[in-house]
Amino acid sequence: MAQLWGGRFTKETDRLVYNFNASIGFDQKFYKEDIRGSIAHVTMLAKEGILTGEEKDTIIKALNEILEDVESGKLVITDEYEDIHSFVEANLIERTKDIGKKLHTGRSRNDQVALDMKLYVREQIKETDGLLKDLLEVILAIMREHKATVMPGFTHLQKAQPVTLAHHMGAYFEMLKRDRSRLWDIYDRMNYCPLGSGALAGTTYPLDREYTAALLDFYGPTLNSMDSVSDRDYIIELLSAFSTIMMHLSRFSEEMIIWNSNEYQFIDIDDAYSTGSSIMPQKKNPDIAELVRGKTGRVYGALIAILTTMKGLPLAYNKDMQEDKELTFDAIDTVKGCILLFTGMLSTLKFNKEAMRTSAQKGFTNATDAADYLVNKGVPFRDAHGIIGRLVLYCIEKKTALEDLSLAEYKAISPAFEEDIYEAISMDACVNKRLTTGAPGMEAMETVINIQEDYLKKSLHFRNK
Ligand code: ARG
């Protein structure tokens, strides 16, 4: 049991208490961040004359060696230490003796852990953003290729009006684009450095917080030391943004599952992204999409957990806050994994254009256009709606489609119909007449695709950060 704080105690910590309290099992994840933060701290201490240049060099050299040894596997992080901070400091002292004991001057584990977590989360935001960008590239490629792939658009999961696959995919493009901008917002709001806040009340040493903030690529130091050590807002925001990402991926997954079903056959998920059944030889299951949908619950759970943990905590640091780690790490791994797997699945699945078009044709998705046709011939819309409704009923009874009725059948219900009705309700015409911004018509779609292409080229939010 290696602890940093034995002085005041007359008894050993109970083993169960030690284990319950320890965080090394999970906070070892940010050993790199912990060392990076310590190097910045020591650099600043020397600049301020609190440490000599020689002491600083000795400490930094040893810290870099610890980092190397951990990465190479020569030094193993074990649960002999209470947390990652104790592990690094103990190893430093072992290597540099009394000099290493000066590292923690003007610092508390409270500002240290706040810093480590921010450094870690900041990097993970960038990585998640990159993965989302890759997924958007895949979606955009599908959009470019399928501007003329007609499919039914749905409301209430009932066929509604014809759209295109490009248009349907474009909806997810927008969702994930918003997800990225939420991540950027969170990054910009959280990117202030808590180091130098001490336990809660700052410190009596003349620390240069602006300097350490700059060394660690923060926009600047945080402005209230109590808030600095007890702020977990950015984690709540991140888990909220993550929950929204998962909600989007879950909806997308649900559609892929439905489209992949025998009833729809709109898509064929690649063998590499499907699994079989141990008993039913014919089965090819969309497990990846189902898992993404399922793991959404886990990420929502993390959000609710941290919100509940933080509720009612008095200022400033409380040990409750240690609970932020495991659930955040789990959510990060889950979200990144889901985006990656979903991207792989989407980029390898095959779209069955014929099945999509046939489905659109079979579902009276052109009924609105047939009504609009009558309106253009001078029939008031409400009457046109009634006429087409009766025609649909007639078709259902005859088991046929609107475009397969004879002109005589049309005229029997309204003399306003002419030969040009067939062209007016063809699937391609229905789609391509829809040219308002954001609509599926080919030209409207092309404009949007160009905008999205441009967005992907320019959206390098983190380039200089
Ligand atoms: N493991 C702790 C955490 O994650 C580090 C901070 C410890 N501070 C303290 N006062 N015990 O929150």
# chains A, B, ... in the order shown; residues from 1 in each chain; ligands from 1
>>> residues_near_ligand(ligand="ligand 1", cutoff="7 Å", atoms="only C-alpha atoms and all ligand atoms", output="list in words")
Ala22, Ser23, Asp83, Arg109, Asn110, Val113, Tyr317, Lys319, Met321, Gln322 and Lys325 of chain A
>>> select_by_dssp(residues="stretch 233-440 of chain A", states="strand (DSSP E or B)", output="list in words")
Ile267, Asp268, Thr275, Asn285, Lys350 and Phe351 of chain A
>>> residues_around(residues="A:Asp111", least_positions_apart="4", cutoff="9 Å", atoms="only C-alpha atoms", output="mmCIF file with C-alpha atoms, in the first residue's frame")
data_model
loop_
_atom_site.group_PDB
_atom_site.id
_atom_site.type_symbol
_atom_site.label_atom_id
_atom_site.label_comp_id
_atom_site.auth_asym_id
_atom_site.auth_seq_id
_atom_site.Cartn_x
_atom_site.Cartn_y
_atom_site.Cartn_z
ATOM 1 C CA ARG A 107 0.120 21.293 -6.258
ATOM 2 C CA LEU A 115 -5.785 18.480 -15.291
ATOM 3 C CA ASP A 116 -5.116 14.849 -16.220
ATOM 4 C CA PRO A 194 -6.982 23.941 -13.743
ATOM 5 C CA LEU A 195 -3.328 23.355 -12.791
ATOM 6 C CA GLY A 196 -2.229 25.704 -10.025
ATOM 7 C CA SER A 197 -5.587 25.693 -8.279
ATOM 8 C CA GLY A 198 -4.147 23.597 -5.472
ATOM 9 C CA ALA A 199 -6.502 21.636 -3.251
ATOM 10 C CA LEU A 200 -9.186 24.311 -3.570
ATOM 11 C CA SER A 225 -9.709 27.581 -7.950
ATOM 12 C CA SER A 228 -11.386 24.280 -11.130
ATOM 13 C CA VAL A 229 -11.042 21.268 -8.852
ATOM 14 C CA SER A 230 -14.718 20.411 -8.776
#
>>> residues_around(residues="A:Ala289", least_positions_apart="2", cutoff="8 Å", atoms="only C-alpha atoms", output="NGL selection string")
:A and (250 or 253-254 or 256-257 or 286-287 or 291-293 or 342)
>>> residues_around(residues="A:Ile236", least_positions_apart="5", cutoff="7 Å", atoms="only C-alpha atoms", output="ChimeraX atom specification")
/A:303,306-307
>>> write_last_selection(atoms="all heavy atoms", output="short mmCIF file (atom, residue, chain, number, x, y, z; two decimals), in the first residue's frame")
data_model
loop_
_atom_site.label_atom_id
_atom_site.label_comp_id
_atom_site.auth_asym_id
_atom_site.auth_seq_id
_atom_site.Cartn_x
_atom_site.Cartn_y
_atom_site.Cartn_z
N LEU A 303 -24.24 8.97 -18.71
CA LEU A 303 -24.67 10.36 -18.55
C LEU A 303 -25.52 10.52 -17.28
O LEU A 303 -25.29 11.43 -16.48
CB LEU A 303 -25.47 10.81 -19.79
CG LEU A 303 -26.17 12.17 -19.68
CD1 LEU A 303 -25.15 13.30 -19.51
CD2 LEU A 303 -27.03 12.45 -20.92
N ILE A 306 -23.30 10.20 -14.05
CA ILE A 306 -22.47 11.34 -13.64
C ILE A 306 -23.34 12.52 -13.20
O ILE A 306 -23.01 13.22 -12.24
CB ILE A 306 -21.46 11.75 -14.75
CG1 ILE A 306 -20.48 12.83 -14.25
CG2 ILE A 306 -22.14 12.24 -16.00
CD1 ILE A 306 -19.53 12.37 -13.20
N LEU A 307 -24.48 12.69 -13.87
CA LEU A 307 -25.39 13.75 -13.43
C LEU A 307 -25.83 13.50 -11.99
O LEU A 307 -25.88 14.42 -11.17
CB LEU A 307 -26.63 13.78 -14.34
CG LEU A 307 -26.51 14.54 -15.66
CD1 LEU A 307 -27.71 14.26 -16.55
CD2 LEU A 307 -26.38 16.04 -15.42
#
>>> atom_distance(atom1="atom CA of A:Asp227", atom2="atom CA of A:Asp324")
15.8 Å
>>> select_by_dssp(residues="stretch 293-375 of chain A", states="helix (DSSP H, G or I)", output="JSON, numbers by chain")
{"A": [293, 294, 295, 296, 297, 298, 299, 300, 301, 302, 303, 304, 305, 306, 307, 308, 309, 310, 319, 320, 321, 322, 323, 324, 325, 326, 327, 328, 329, 330, 331, 332, 333, 334, 335, 336, 337, 338, 339, 340, 341, 342, 343, 344, 345, 346, 347, 348, 353, 354, 355, 356, 357, 358, 359, 360, 361, 362, 367, 368, 369, 370, 371, 372, 373, 374, 375]}
>>> residues_around(residues="A:Glu94", least_positions_apart="6", cutoff="12 Å", atoms="only C-alpha atoms", output="number ranges by chain")
A: 59, 62-63, 66, 86-88, 100-101
>>> write_last_selection(atoms="N, CA and C atoms", output="CSV table (one decimal), in the first residue's frame")
chain,number,residue,atom,x,y,z
A,59,ILE,N,14.4,16.2,-12.6
A,59,ILE,CA,13.0,15.7,-12.5
A,59,ILE,C,12.5,15.3,-13.9
A,62,ALA,N,13.9,12.2,-15.4
A,62,ALA,CA,13.4,11.0,-14.7
A,62,ALA,C,12.0,10.7,-15.2
A,63,LEU,N,11.2,11.8,-15.3
A,63,LEU,CA,9.8,11.6,-15.7
A,63,LEU,C,9.7,11.0,-17.1
A,66,ILE,N,10.5,7.4,-16.9
A,66,ILE,CA,9.3,6.7,-16.4
A,66,ILE,C,8.4,6.4,-17.5
A,86,SER,N,0.3,8.8,-7.4
A,86,SER,CA,1.3,8.2,-6.4
A,86,SER,C,2.3,7.4,-7.1
A,87,PHE,N,1.8,6.6,-8.1
A,87,PHE,CA,2.7,5.8,-8.9
A,87,PHE,C,3.9,6.6,-9.5
A,88,VAL,N,3.5,7.7,-10.2
A,88,VAL,CA,4.5,8.5,-10.8
A,88,VAL,C,5.5,9.1,-9.8
A,100,GLY,N,13.2,14.6,-6.3
A,100,GLY,CA,11.8,14.2,-6.7
A,100,GLY,C,10.8,14.6,-5.7
A,101,LYS,N,11.2,14.7,-4.4
A,101,LYS,CA,10.2,15.0,-3.4
A,101,LYS,C,9.7,16.5,-3.6
